[in-house]
>>> print(open('protein31.tsv').read())   # TSV, C-alpha atoms
chain	number	residue	atom	x	y	z
I	1	MET	CA	12.34	16.38	-6.66
I	2	ALA	CA	15.90	15.14	-6.05
I	3	ALA	CA	17.11	16.62	-9.35
I	4	LEU	CA	15.42	19.95	-8.63
I	5	GLN	CA	16.98	20.31	-5.20
I	6	ALA	CA	20.39	19.22	-6.47
I	7	SER	CA	20.33	21.98	-9.07
I	8	GLY	CA	20.03	24.73	-6.47
I	9	LYS	CA	23.67	25.87	-6.53
I	10	ASN	CA	24.33	26.03	-10.27
I	11	HIS	CA	25.56	22.46	-10.40
I	12	LYS	CA	25.24	20.56	-13.66
I	13	VAL	CA	22.49	18.05	-12.99
I	14	ILE	CA	21.46	15.27	-15.36
I	15	LEU	CA	18.29	13.25	-14.79
I	16	LEU	CA	18.42	9.85	-16.52
I	17	ASP	CA	15.25	7.79	-17.04
I	18	LYS	CA	15.16	4.47	-18.86
I	19	MET	CA	11.55	5.00	-19.92
I	20	GLU	CA	10.46	7.02	-22.96
I	21	GLY	CA	9.21	9.86	-20.76
I	22	LEU	CA	9.57	11.09	-17.19
I	23	GLY	CA	7.23	10.11	-14.36
I	24	THR	CA	5.60	7.03	-15.89
I	25	LYS	CA	4.62	5.67	-12.49
I	26	LEU	CA	3.71	9.07	-11.06
I	27	ALA	CA	1.20	9.50	-13.89
I	28	ILE	CA	-0.80	6.42	-12.77
I	29	THR	CA	-0.80	7.01	-9.01
I	30	GLY	CA	-4.16	7.36	-7.30
I	31	LYS	CA	-5.83	5.87	-10.39
I	32	GLY	CA	-4.49	8.77	-12.40
I	33	ARG	CA	-5.56	11.36	-9.82
I	34	CYS	CA	-2.33	11.35	-7.75
I	35	ASN	CA	-2.87	11.08	-4.00
I	36	LEU	CA	0.05	13.45	-3.35
I	37	THR	CA	0.22	13.30	0.42
I	38	HIS	CA	-1.81	13.02	3.63
I	39	GLN	CA	-3.11	15.81	5.85
I	40	VAL	CA	-1.65	15.24	9.30
I	41	ASP	CA	-1.96	17.10	12.60
I	42	ARG	CA	1.08	15.50	14.22
I	43	HIS	CA	4.48	14.50	12.86
I	44	GLU	CA	4.04	11.17	14.66
I	45	GLU	CA	1.02	10.34	12.47
I	46	LEU	CA	3.36	10.17	9.50
I	47	ILE	CA	5.86	7.94	11.28
I	48	GLU	CA	3.13	5.60	12.55
I	49	SER	CA	1.86	5.18	8.99
I	50	PHE	CA	5.12	3.53	7.92
I	51	PRO	CA	5.35	-0.02	9.27
I	52	GLY	CA	8.52	-0.24	7.20
I	53	GLY	CA	11.21	2.29	8.10
I	54	GLY	CA	9.06	4.84	9.95
I	55	ASN	CA	11.76	5.90	12.43
I	56	PHE	CA	14.29	6.36	9.63
I	57	LEU	CA	12.02	9.02	8.11
I	58	HIS	CA	11.90	11.41	11.11
I	59	SER	CA	14.54	13.75	9.69
I	60	ALA	CA	13.24	13.68	6.11
I	61	PHE	CA	9.70	14.54	7.23
I	62	ASN	CA	11.02	17.31	9.48
I	63	GLN	CA	12.96	18.80	6.57
I	64	PHE	CA	10.15	18.47	4.02
I	65	PRO	CA	6.74	17.73	5.63
I	66	PRO	CA	3.34	17.49	3.87
I	67	SER	CA	2.68	21.21	4.46
I	68	GLU	CA	5.83	22.08	2.48
I	69	LEU	CA	4.93	19.72	-0.35
I	70	ILE	CA	1.47	21.30	-0.61
I	71	LYS	CA	3.09	24.76	-0.56
I	72	PHE	CA	5.58	23.66	-3.25
I	73	PHE	CA	2.78	22.88	-5.72
I	74	LYS	CA	0.53	25.78	-4.70
I	75	SER	CA	3.33	28.30	-5.30
I	76	ARG	CA	3.68	26.86	-8.79
I	77	GLY	CA	0.00	27.18	-9.67
I	78	LEU	CA	-1.37	23.78	-8.63
I	79	ASP	CA	-3.76	23.87	-5.68
I	80	THR	CA	-4.67	20.79	-3.67
I	81	LYS	CA	-7.80	19.54	-1.91
I	82	VAL	CA	-8.40	17.21	1.04
I	83	GLU	CA	-10.76	14.28	0.54
I	84	LYS	CA	-12.19	11.45	2.65
I	85	GLY	CA	-9.63	9.96	4.99
I	86	ARG	CA	-7.59	13.21	4.81
I	87	ARG	CA	-6.03	12.22	1.50
I	88	VAL	CA	-4.61	15.15	-0.47
I	89	PHE	CA	-5.13	15.41	-4.26
I	90	PRO	CA	-4.52	18.14	-6.85
I	91	VAL	CA	-7.74	20.10	-7.41
I	92	THR	CA	-7.61	19.10	-11.06
I	93	ASP	CA	-7.74	15.38	-10.17
I	94	SER	CA	-4.90	14.83	-12.61
I	95	ALA	CA	-1.53	13.19	-11.93
I	96	LYS	CA	-0.42	14.57	-15.28
I	97	ASP	CA	-0.78	18.10	-13.90
I	98	VAL	CA	1.54	17.17	-11.02
I	99	LEU	CA	4.05	15.80	-13.51
I	100	ALA	CA	3.72	18.92	-15.68
I	101	VAL	CA	4.65	21.18	-12.73
I	102	LEU	CA	7.75	19.09	-12.00
I	103	GLU	CA	8.82	19.00	-15.66
I	104	LYS	CA	8.40	22.76	-15.97
I	105	GLU	CA	10.52	23.30	-12.84
I	106	LEU	CA	13.24	20.98	-14.14
I	107	LYS	CA	13.46	22.99	-17.34
I	108	LYS	CA	13.51	26.28	-15.42
I	109	ALA	CA	16.28	24.97	-13.13
I	110	GLY	CA	18.38	23.94	-16.11
I	111	VAL	CA	18.32	20.22	-15.31
I	112	GLU	CA	19.26	18.15	-18.36
I	113	THR	CA	16.71	15.34	-18.72
I	114	ARG	CA	17.57	12.30	-20.81
I	115	VAL	CA	14.97	9.58	-21.45
I	116	SER	CA	15.35	6.09	-22.92
I	117	ILE	CA	18.74	5.86	-21.18
I	118	PRO	CA	18.86	2.70	-19.02
I	119	VAL	CA	21.69	2.96	-16.49
I	120	ILE	CA	23.46	-0.37	-16.02
I	121	GLU	CA	26.29	0.49	-13.63
I	122	ILE	CA	27.28	3.00	-10.96
I	123	LEU	CA	30.97	3.80	-11.46
I	124	VAL	CA	32.97	3.82	-8.23
I	125	ASP	CA	36.67	4.16	-7.43
I	126	ASN	CA	38.12	3.74	-3.94
I	127	LYS	CA	34.65	3.88	-2.30
I	128	ARG	CA	33.86	7.14	-4.08
I	129	VAL	CA	31.29	7.72	-6.85
I	130	MET	CA	32.73	8.57	-10.26
I	131	GLY	CA	29.58	8.50	-12.42
I	132	VAL	CA	27.30	6.04	-14.22
I	133	ARG	CA	27.37	3.92	-17.37
I	134	ALA	CA	24.33	3.40	-19.60
I	135	SER	CA	23.33	0.52	-21.86
I	136	THR	CA	23.73	2.89	-24.79
I	137	GLY	CA	27.49	2.78	-24.19
I	138	GLU	CA	27.57	6.32	-22.84
I	139	SER	CA	29.24	7.14	-19.54
I	140	PHE	CA	28.32	10.15	-17.41
I	141	GLY	CA	30.97	11.47	-15.05
I	142	ALA	CA	29.68	12.70	-11.68
I	143	ASP	CA	30.92	13.12	-8.13
I	144	LYS	CA	27.38	12.64	-6.76
I	145	VAL	CA	24.78	10.08	-7.86
I	146	ILE	CA	21.23	9.73	-6.51
I	147	ILE	CA	19.47	6.39	-7.02
I	148	ALA	CA	15.71	7.08	-7.22
I	149	THR	CA	14.61	4.05	-9.22
I	150	GLY	CA	11.63	2.98	-7.08
I	151	GLY	CA	10.83	-0.57	-6.05
I	152	MET	CA	9.49	-3.47	-8.11
I	153	THR	CA	5.74	-2.79	-8.30
I	154	TYR	CA	4.00	-2.12	-11.64
I	155	PRO	CA	7.16	-3.25	-13.52
I	156	TRP	CA	5.76	-2.02	-16.84
I	157	THR	CA	6.36	1.54	-15.56
I	158	GLY	CA	10.09	0.81	-15.34
I	159	SER	CA	10.25	-0.25	-11.68
I	160	THR	CA	12.05	-3.54	-12.15
I	161	GLY	CA	14.39	-3.46	-9.17
I	162	ASP	CA	17.39	-1.88	-10.94
I	163	GLY	CA	18.28	0.20	-7.89
I	164	TYR	CA	18.50	-2.91	-5.72
I	165	GLN	CA	21.04	-4.43	-8.09
I	166	PHE	CA	23.14	-1.24	-8.16
I	167	ALA	CA	23.15	-1.10	-4.36
I	168	ARG	CA	23.99	-4.78	-3.95
I	169	ARG	CA	26.91	-4.61	-6.38
I	170	LEU	CA	28.33	-1.71	-4.37
I	171	GLY	CA	28.26	-3.72	-1.14
I	172	HIS	CA	24.89	-2.66	0.29
I	173	SER	CA	22.67	-5.20	2.04
I	174	LEU	CA	19.08	-5.71	0.92
I	175	VAL	CA	16.00	-6.55	2.93
I	176	THR	CA	14.18	-9.00	0.62
I	177	PRO	CA	11.78	-7.00	-1.59
I	178	ARG	CA	8.18	-8.27	-1.36
I	179	PRO	CA	4.79	-6.90	-2.43
I	180	SER	CA	2.77	-4.78	-0.01
I	181	LEU	CA	-0.64	-3.12	-0.25
I	182	VAL	CA	-1.60	-6.05	-2.42
I	183	PRO	CA	-4.77	-8.17	-2.98
I	184	LEU	CA	-4.84	-11.71	-1.58
I	185	GLU	CA	-5.73	-15.13	-2.94
I	186	VAL	CA	-7.73	-17.62	-0.86
I	187	ALA	CA	-8.19	-21.39	-0.76
I	188	GLU	CA	-11.96	-20.86	-0.85
I	189	SER	CA	-11.86	-19.15	-4.25
I	190	SER	CA	-15.19	-20.70	-5.24
I	191	ILE	CA	-16.82	-18.61	-2.49
I	192	SER	CA	-14.99	-15.40	-3.38
I	193	HIS	CA	-15.75	-16.00	-7.07
I	194	ASN	CA	-19.49	-16.21	-6.33
I	195	LEU	CA	-19.23	-12.99	-4.32
I	196	GLU	CA	-17.05	-11.19	-6.88
I	197	GLY	CA	-17.63	-7.44	-6.88
I	198	LEU	CA	-19.47	-7.42	-3.54
I	199	SER	CA	-18.18	-4.70	-1.23
I	200	LEU	CA	-18.69	-4.98	2.52
I	201	LYS	CA	-18.49	-1.83	4.65
I	202	ASN	CA	-18.11	-1.37	8.40
I	203	ILE	CA	-16.80	-4.85	9.04
I	204	LYS	CA	-13.83	-6.06	11.08
I	205	ALA	CA	-11.13	-8.22	9.50
I	206	ILE	CA	-9.00	-10.39	11.79
I	207	VAL	CA	-5.71	-12.01	10.75
I	208	LYS	CA	-4.59	-15.23	12.44
I	209	SER	CA	-1.33	-17.13	12.19
I	210	GLY	CA	-2.33	-20.59	13.35
I	211	ASN	CA	-4.68	-19.82	16.25
I	212	LYS	CA	-3.02	-16.55	17.24
I	213	VAL	CA	-4.58	-13.19	16.32
I	214	VAL	CA	-1.78	-11.05	14.85
I	215	ASP	CA	-3.61	-8.07	13.34
I	216	GLN	CA	-7.05	-6.61	12.71
I	217	LYS	CA	-8.65	-3.69	10.91
I	218	PHE	CA	-12.11	-2.12	10.69
I	219	GLY	CA	-13.47	-0.76	7.41
I	220	GLU	CA	-14.27	-1.81	3.85
I	221	MET	CA	-13.26	-4.75	1.64
I	222	VAL	CA	-14.28	-6.27	-1.69
I	223	PHE	CA	-14.44	-9.84	-3.00
I	224	THR	CA	-12.63	-10.74	-6.22
I	225	SER	CA	-12.72	-13.79	-8.49
I	226	TYR	CA	-9.57	-15.11	-6.79
I	227	GLY	CA	-9.95	-13.78	-3.25
I	228	LEU	CA	-9.97	-10.50	-1.35
I	229	SER	CA	-9.13	-6.84	-1.95
I	230	GLY	CA	-10.20	-3.37	-0.83
I	231	PRO	CA	-8.81	-0.89	1.73
I	232	ILE	CA	-8.59	-3.08	4.84
I	233	ILE	CA	-7.20	-6.04	2.88
I	234	LEU	CA	-4.43	-3.89	1.41
I	235	TYR	CA	-3.68	-2.50	4.87
I	236	LEU	CA	-3.39	-6.00	6.38
I	237	SER	CA	-1.54	-7.47	3.39
I	238	ARG	CA	1.89	-6.25	4.51
I	239	LYS	CA	1.93	-8.44	7.58
I	240	ILE	CA	0.20	-11.32	5.77
I	241	VAL	CA	2.92	-11.36	3.07
I	242	LEU	CA	5.57	-11.74	5.78
I	243	LEU	CA	3.61	-14.45	7.57
I	244	LEU	CA	3.21	-16.40	4.33
I	245	ALA	CA	6.96	-16.12	3.67
I	246	ASP	CA	7.64	-17.43	7.19
I	247	LYS	CA	5.65	-20.61	6.40
I	248	LYS	CA	5.37	-21.55	10.08
I	249	HIS	CA	1.58	-21.50	10.36
I	250	THR	CA	-1.54	-21.40	8.22
I	251	VAL	CA	-2.61	-17.78	7.70
I	252	SER	CA	-6.34	-17.10	7.88
I	253	LEU	CA	-8.46	-13.99	7.59
I	254	SER	CA	-11.93	-13.87	9.13
I	255	PHE	CA	-14.60	-11.21	8.94
I	256	ASP	CA	-16.87	-10.09	11.74
I	257	LEU	CA	-19.86	-9.06	9.62
I	258	LYS	CA	-21.64	-7.56	12.65
I	259	PRO	CA	-18.89	-5.90	14.72
I	260	ALA	CA	-21.36	-3.50	16.39
I	261	LEU	CA	-23.12	-6.45	18.06
I	262	SER	CA	-21.56	-8.70	20.68
I	263	LYS	CA	-22.12	-12.43	20.23
I	264	ASP	CA	-24.74	-12.39	23.00
I	265	LYS	CA	-26.63	-9.45	21.49
I	266	LEU	CA	-26.51	-11.02	18.04
I	267	GLN	CA	-27.81	-14.28	19.49
I	268	ALA	CA	-30.67	-12.44	21.19
I	269	ARG	CA	-31.56	-10.68	17.94
I	270	LEU	CA	-31.49	-13.92	15.93
I	271	GLU	CA	-33.68	-15.69	18.51
I	272	SER	CA	-36.14	-12.79	18.40
I	273	ASP	CA	-36.19	-12.70	14.58
I	274	PHE	CA	-36.69	-16.46	14.29
I	275	GLU	CA	-39.44	-16.43	16.93
I	276	LYS	CA	-41.22	-13.55	15.24
I	277	ASN	CA	-40.95	-15.22	11.82
I	278	ARG	CA	-41.53	-18.82	12.85
I	279	LYS	CA	-43.18	-19.78	9.55
I	280	LYS	CA	-40.74	-17.85	7.35
I	281	TYR	CA	-38.20	-19.74	5.26
I	282	PHE	CA	-34.58	-19.44	6.43
I	283	LYS	CA	-33.53	-17.78	3.13
I	284	ASN	CA	-36.08	-14.99	3.73
I	285	ALA	CA	-35.44	-14.65	7.46
I	286	ILE	CA	-31.80	-13.59	7.02
I	287	GLU	CA	-32.47	-10.93	4.37
I	288	GLU	CA	-32.09	-8.12	6.91
I	289	LEU	CA	-28.78	-9.50	8.16
I	290	LEU	CA	-26.86	-9.78	4.90
I	291	PRO	CA	-26.46	-8.19	1.45
I	292	GLN	CA	-28.62	-9.93	-1.18
I	293	LYS	CA	-25.64	-11.29	-3.12
I	294	MET	CA	-24.25	-12.95	-0.04
I	295	ILE	CA	-27.38	-14.85	1.00
I	296	PRO	CA	-27.08	-17.89	-1.36
I	297	VAL	CA	-23.40	-18.37	-0.45
I	298	PHE	CA	-24.08	-17.95	3.25
I	299	ILE	CA	-26.92	-20.50	3.13
I	300	GLN	CA	-24.82	-23.04	1.27
I	301	GLU	CA	-21.93	-22.69	3.75
I	302	SER	CA	-24.28	-22.93	6.72
I	303	GLY	CA	-25.62	-26.32	5.58
I	304	ILE	CA	-29.16	-25.23	6.43
I	305	HIS	CA	-31.80	-25.88	3.75
I	306	PRO	CA	-33.05	-22.51	2.40
I	307	SER	CA	-36.70	-23.65	2.64
I	308	ARG	CA	-36.59	-24.74	6.25
I	309	GLN	CA	-38.92	-22.73	8.43
I	310	CYS	CA	-37.35	-20.76	11.26
I	311	ALA	CA	-39.33	-22.78	13.82
I	312	GLN	CA	-37.54	-25.92	12.60
I	313	ILE	CA	-34.03	-24.53	13.01
I	314	GLY	CA	-32.50	-25.86	16.22
I	315	SER	CA	-29.95	-24.31	18.57
I	316	LYS	CA	-26.99	-26.05	16.90
I	317	ASP	CA	-27.82	-24.54	13.51
I	318	ARG	CA	-28.53	-21.16	15.06
I	319	ASP	CA	-25.11	-21.23	16.70
I	320	ARG	CA	-23.63	-22.01	13.28
I	321	VAL	CA	-25.34	-18.92	11.79
I	322	ILE	CA	-24.04	-16.70	14.59
I	323	ASP	CA	-20.53	-18.12	14.26
I	324	MET	CA	-20.53	-17.43	10.52
I	325	LEU	CA	-21.75	-13.86	11.03
I	326	LYS	CA	-18.98	-13.21	13.56
I	327	ASN	CA	-16.31	-15.35	11.90
I	328	PHE	CA	-16.70	-15.62	8.11
I	329	SER	CA	-13.32	-17.15	7.47
I	330	PHE	CA	-10.87	-17.67	4.59
I	331	THR	CA	-7.46	-19.36	4.31
I	332	ILE	CA	-4.89	-17.14	2.59
I	333	THR	CA	-2.82	-19.06	0.05
I	334	LYS	CA	-0.74	-16.25	-1.48
I	335	ALA	CA	-0.53	-12.56	-2.25
I	336	ARG	CA	-0.91	-11.29	-5.79
I	337	GLY	CA	2.37	-10.33	-7.48
I	338	MET	CA	4.40	-7.15	-7.79
I	339	SER	CA	2.41	-6.17	-10.88
I	340	GLU	CA	-0.66	-5.63	-8.66
I	341	ALA	CA	1.01	-4.35	-5.47
I	342	GLU	CA	0.92	-0.64	-4.73
I	343	VAL	CA	4.26	-0.58	-2.96
I	344	THR	CA	7.36	-2.71	-2.36
I	345	GLN	CA	8.35	-3.60	1.18
I	346	GLY	CA	12.04	-4.27	1.67
I	347	GLY	CA	14.94	-2.65	-0.16
I	348	VAL	CA	18.29	-1.06	0.72
I	349	GLU	CA	19.16	-1.69	4.38
I	350	LEU	CA	18.48	1.53	6.30
I	351	LYS	CA	21.39	1.09	8.72
I	352	GLU	CA	23.70	1.66	5.77
I	353	VAL	CA	22.17	5.06	4.86
I	354	ASP	CA	22.40	8.36	6.77
I	355	PRO	CA	18.78	9.41	7.53
I	356	LYS	CA	19.72	13.10	7.73
I	357	THR	CA	21.28	13.25	4.26
I	358	MET	CA	20.22	10.03	2.45
I	359	GLU	CA	23.90	9.41	1.66
I	360	SER	CA	25.32	5.91	1.65
I	361	LYS	CA	27.53	5.12	4.62
I	362	LEU	CA	29.54	2.80	2.37
I	363	ILE	CA	30.14	4.85	-0.79
I	364	HIS	CA	30.94	8.56	-0.69
I	365	GLY	CA	28.72	10.60	-3.01
I	366	LEU	CA	26.05	7.92	-3.40
I	367	TYR	CA	22.51	8.84	-2.29
I	368	PHE	CA	19.16	7.06	-2.20
I	369	ALA	CA	15.61	8.40	-2.45
I	370	GLY	CA	12.17	6.79	-2.36
I	371	GLU	CA	11.03	3.21	-2.52
I	372	VAL	CA	14.46	1.76	-3.36
I	373	LEU	CA	15.04	2.13	0.39
I	374	ASP	CA	13.52	-0.27	2.91
I	375	ILE	CA	10.59	2.07	3.58
I	376	ASP	CA	6.90	1.46	2.92
I	377	GLY	CA	3.75	3.08	4.23
I	378	TYR	CA	0.03	2.45	4.15
I	379	ILE	CA	-2.34	3.76	1.48
I	380	GLY	CA	-3.38	7.41	1.70
I	381	GLY	CA	-0.57	9.38	0.08
I	382	PHE	CA	2.12	8.34	2.55
I	383	ASN	CA	4.40	6.61	0.05
I	384	LEU	CA	4.46	9.55	-2.35
I	385	GLN	CA	5.20	11.90	0.54
I	386	ALA	CA	8.13	9.68	1.53
I	387	ALA	CA	9.39	9.75	-2.07
I	388	PHE	CA	9.21	13.55	-2.23
I	389	SER	CA	10.73	14.04	1.25
I	390	THR	CA	13.66	11.68	0.73
I	391	GLY	CA	14.17	13.08	-2.78
I	392	TYR	CA	14.25	16.60	-1.32
I	393	VAL	CA	16.82	15.62	1.33
I	394	ALA	CA	19.00	13.62	-1.07
I	395	GLY	CA	19.02	16.43	-3.63
I	396	ARG	CA	19.75	19.15	-1.10
I	397	ASN	CA	22.68	17.26	0.38
I	398	ALA	CA	24.07	16.11	-2.97
I	399	SER	CA	24.28	19.78	-3.96
I	400	LEU	CA	26.55	20.67	-1.00
>>> encode(input="protein31.tsv", output="structure tokens")
Amino acid sequence: MAALQASGKNHKVILLDKMEGLGTKLAITGKGRCNLTHQVDRHEELIESFPGGGNFLHSAFNQFPPSELIKFFKSRGLDTKVEKGRRVFPVTDSAKDVLAVLEKELKKAGVETRVSIPVIEILVDNKRVMGVRASTGESFGADKVIIATGGMTYPWTGSTGDGYQFARRLGHSLVTPRPSLVPLEVAESSISHNLEGLSLKNIKAIVKSGNKVVDQKFGEMVFTSYGLSGPIILYLSRKIVLLLADKKHTVSLSFDLKPALSKDKLQARLESDFEKNRKKYFKNAIEELLPQKMIPVFIQESGIHPSRQCAQIGSKDRDRVIDMLKNFSFTITKARGMSEAEVTQGGVELKEVDPKTMESKLIHGLYFAGEVLDIDGYIGGFNLQAAFSTGYVAGRNASL
């Protein structure tokens, strides 16, 4: 997008990619379907969906909002559709079709694309861009350079933090890059391992640092062999990663498995169920409360013998059952690495970049676009929209 916009005034534009082809990461987004953007009613919805750098993006989203991105692809023969959660995908369900549109436009605009060319240095003289040097020994003279190298997630796609190193060498500050939208590992991995593959819907997840509640989210999650994943886990992971780095308190994540019922109402229901099924075994009495796969684990953690009759279960044990239903808790030990994270939080310090043009405030003619900046949003197409919007702005202004 940056290269396309930069080519608008008959400038010579060269797009350098160290990979063997363009758009390696774009081709795998949305599990190969490409969640292009998010359908929003208000501009503020976009900003609120970026816990990292939201305010910085006001101008970029005003200049190139989701409606314009959708129009961009539609006018070039690729329609989009809106799915659950207002996520926008190409009608073909193919990221490769998105990439094909962009490649066709690059060719039409006369942009020279060079692949398998790893850039190793941005050439600067007297705080002004002069071009770039590649590992092949080639140098490319230029009075404008846009760094659009992405973050550090899925490094096999080429995102290995190159842009951070370029920026740092030129005097830019970096906010420490860390994984975000990432699965989590837990101390109680034996429990998660036994529940592997089980998905829980309509539950509430609560994050605590020590004894203090710091975040919560309602929705769906899934157990893995090592811990926790799924939509609400990814959403909460950003803050959890920062809490773990802080190392001040133990970080825990508990699930309210029955958020629609208050503790009192749940207690009343359990008392009624146990009274009605006095001769039933405990393992059979809780079948209506939990998914089948969860029952053996729940029983083991409760300490109640599965063959005890409901009539024999006292108030202390009943309180334990209620507490577990409202507070099924795990201790978070670490986040999975960059290779499994969907986005990088951290990056080039935003105070050193002009939000209206994406130009560096330190080096004339140097621009940034996308995840190399300290911007990161939640899942749902937000991060791709930010990449396209900042790319649009950087390209437009580099062409002036």
>>> closest_residue(input="protein31.tsv", among="I:Lys239, I:Gly230, I:Leu384, I:Thr331", to="I:Arg87", atoms="only C-alpha atoms")
I:Leu384
>>> residues_around(input="protein31.tsv", residues="I:Leu69", least_positions_apart="4", cutoff="9 Å", atoms="all atoms listed in the file", output="PyMOL selection string")
chain I and resi 36-37+64-65+73-74+385+388-389
>>> residues_around(input="protein31.tsv", residues="I:Asn277", least_positions_apart="6", cutoff="10 Å", atoms="only C-alpha atoms", output="MDAnalysis selection string")
chainID I and resid 271 284:285 309:311
>>> closest_residue(input="protein31.tsv", among="I:Lys144, I:Arg238, I:Lys283, I:Lys263", to="I:Thr344", atoms="all atoms listed in the file")
I:Arg238
>>> atom_distance(input="protein31.tsv", atom1="atom CA of I:Val119", atom2="atom CA of I:Val132")
6.8 Å
>>> decode(input="protein31.tsv", residues="stretch 308-314 of chain I", atoms="all heavy atoms", output="PDB file, in the first residue's frame")
ATOM      1  N   ARG I 308     -19.754 -40.628  45.885  1.00  0.00           N
ATOM      2  CA  ARG I 308     -20.508 -40.189  47.062  1.00  0.00           C
ATOM      3  C   ARG I 308     -21.899 -39.755  46.649  1.00  0.00           C
ATOM      4  O   ARG I 308     -22.073 -39.089  45.617  1.00  0.00           O
ATOM      5  CB  ARG I 308     -19.808 -38.999  47.736  1.00  0.00           C
ATOM      6  CG  ARG I 308     -18.888 -39.432  48.868  1.00  0.00           C
ATOM      7  CD  ARG I 308     -18.106 -38.280  49.418  1.00  0.00           C
ATOM      8  NE  ARG I 308     -18.866 -37.463  50.325  1.00  0.00           N
ATOM      9  CZ  ARG I 308     -18.406 -36.351  50.881  1.00  0.00           C
ATOM     10  NH1 ARG I 308     -17.188 -35.915  50.565  1.00  0.00           N
ATOM     11  NH2 ARG I 308     -19.133 -35.670  51.711  1.00  0.00           N
ATOM     12  N   GLN I 309     -22.884 -40.135  47.439  1.00  0.00           N
ATOM     13  CA  GLN I 309     -24.246 -39.703  47.119  1.00  0.00           C
ATOM     14  C   GLN I 309     -24.432 -38.243  47.516  1.00  0.00           C
ATOM     15  O   GLN I 309     -23.800 -37.746  48.448  1.00  0.00           O
ATOM     16  CB  GLN I 309     -25.258 -40.574  47.871  1.00  0.00           C
ATOM     17  CG  GLN I 309     -25.303 -42.014  47.368  1.00  0.00           C
ATOM     18  CD  GLN I 309     -26.342 -42.833  48.108  1.00  0.00           C
ATOM     19  OE1 GLN I 309     -26.538 -42.659  49.314  1.00  0.00           O
ATOM     20  NE2 GLN I 309     -26.995 -43.729  47.396  1.00  0.00           N
ATOM     21  N   CYS I 310     -25.293 -37.560  46.793  1.00  0.00           N
ATOM     22  CA  CYS I 310     -25.514 -36.134  47.044  1.00  0.00           C
ATOM     23  C   CYS I 310     -25.920 -35.863  48.490  1.00  0.00           C
ATOM     24  O   CYS I 310     -25.529 -34.841  49.071  1.00  0.00           O
ATOM     25  CB  CYS I 310     -26.594 -35.595  46.101  1.00  0.00           C
ATOM     26  SG  CYS I 310     -26.046 -35.524  44.386  1.00  0.00           S
ATOM     27  N   ALA I 311     -26.694 -36.782  49.065  1.00  0.00           N
ATOM     28  CA  ALA I 311     -27.161 -36.598  50.445  1.00  0.00           C
ATOM     29  C   ALA I 311     -26.002 -36.588  51.440  1.00  0.00           C
ATOM     30  O   ALA I 311     -26.114 -36.051  52.543  1.00  0.00           O
ATOM     31  CB  ALA I 311     -28.163 -37.693  50.813  1.00  0.00           C
ATOM     32  N   GLN I 312     -24.866 -37.173  51.034  1.00  0.00           N
ATOM     33  CA  GLN I 312     -23.710 -37.265  51.938  1.00  0.00           C
ATOM     34  C   GLN I 312     -22.727 -36.098  51.784  1.00  0.00           C
ATOM     35  O   GLN I 312     -21.743 -36.008  52.503  1.00  0.00           O
ATOM     36  CB  GLN I 312     -22.957 -38.578  51.657  1.00  0.00           C
ATOM     37  CG  GLN I 312     -23.785 -39.837  51.886  1.00  0.00           C
ATOM     38  CD  GLN I 312     -23.062 -41.087  51.409  1.00  0.00           C
ATOM     39  OE1 GLN I 312     -22.313 -41.034  50.425  1.00  0.00           O
ATOM     40  NE2 GLN I 312     -23.271 -42.199  52.094  1.00  0.00           N
ATOM     41  N   ILE I 313     -23.027 -35.211  50.835  1.00  0.00           N
ATOM     42  CA  ILE I 313     -22.113 -34.087  50.586  1.00  0.00           C
ATOM     43  C   ILE I 313     -22.516 -32.899  51.453  1.00  0.00           C
ATOM     44  O   ILE I 313     -23.593 -32.321  51.282  1.00  0.00           O
ATOM     45  CB  ILE I 313     -22.116 -33.700  49.088  1.00  0.00           C
ATOM     46  CG1 ILE I 313     -21.635 -34.897  48.253  1.00  0.00           C
ATOM     47  CG2 ILE I 313     -21.218 -32.488  48.829  1.00  0.00           C
ATOM     48  CD1 ILE I 313     -21.751 -34.695  46.757  1.00  0.00           C
ATOM     49  N   GLY I 314     -21.636 -32.548  52.393  1.00  0.00           N
ATOM     50  CA  GLY I 314     -21.937 -31.484  53.346  1.00  0.00           C
ATOM     51  C   GLY I 314     -21.756 -30.091  52.782  1.00  0.00           C
ATOM     52  O   GLY I 314     -21.322 -29.898  51.647  1.00  0.00           O
TER      53      GLY I 314
END
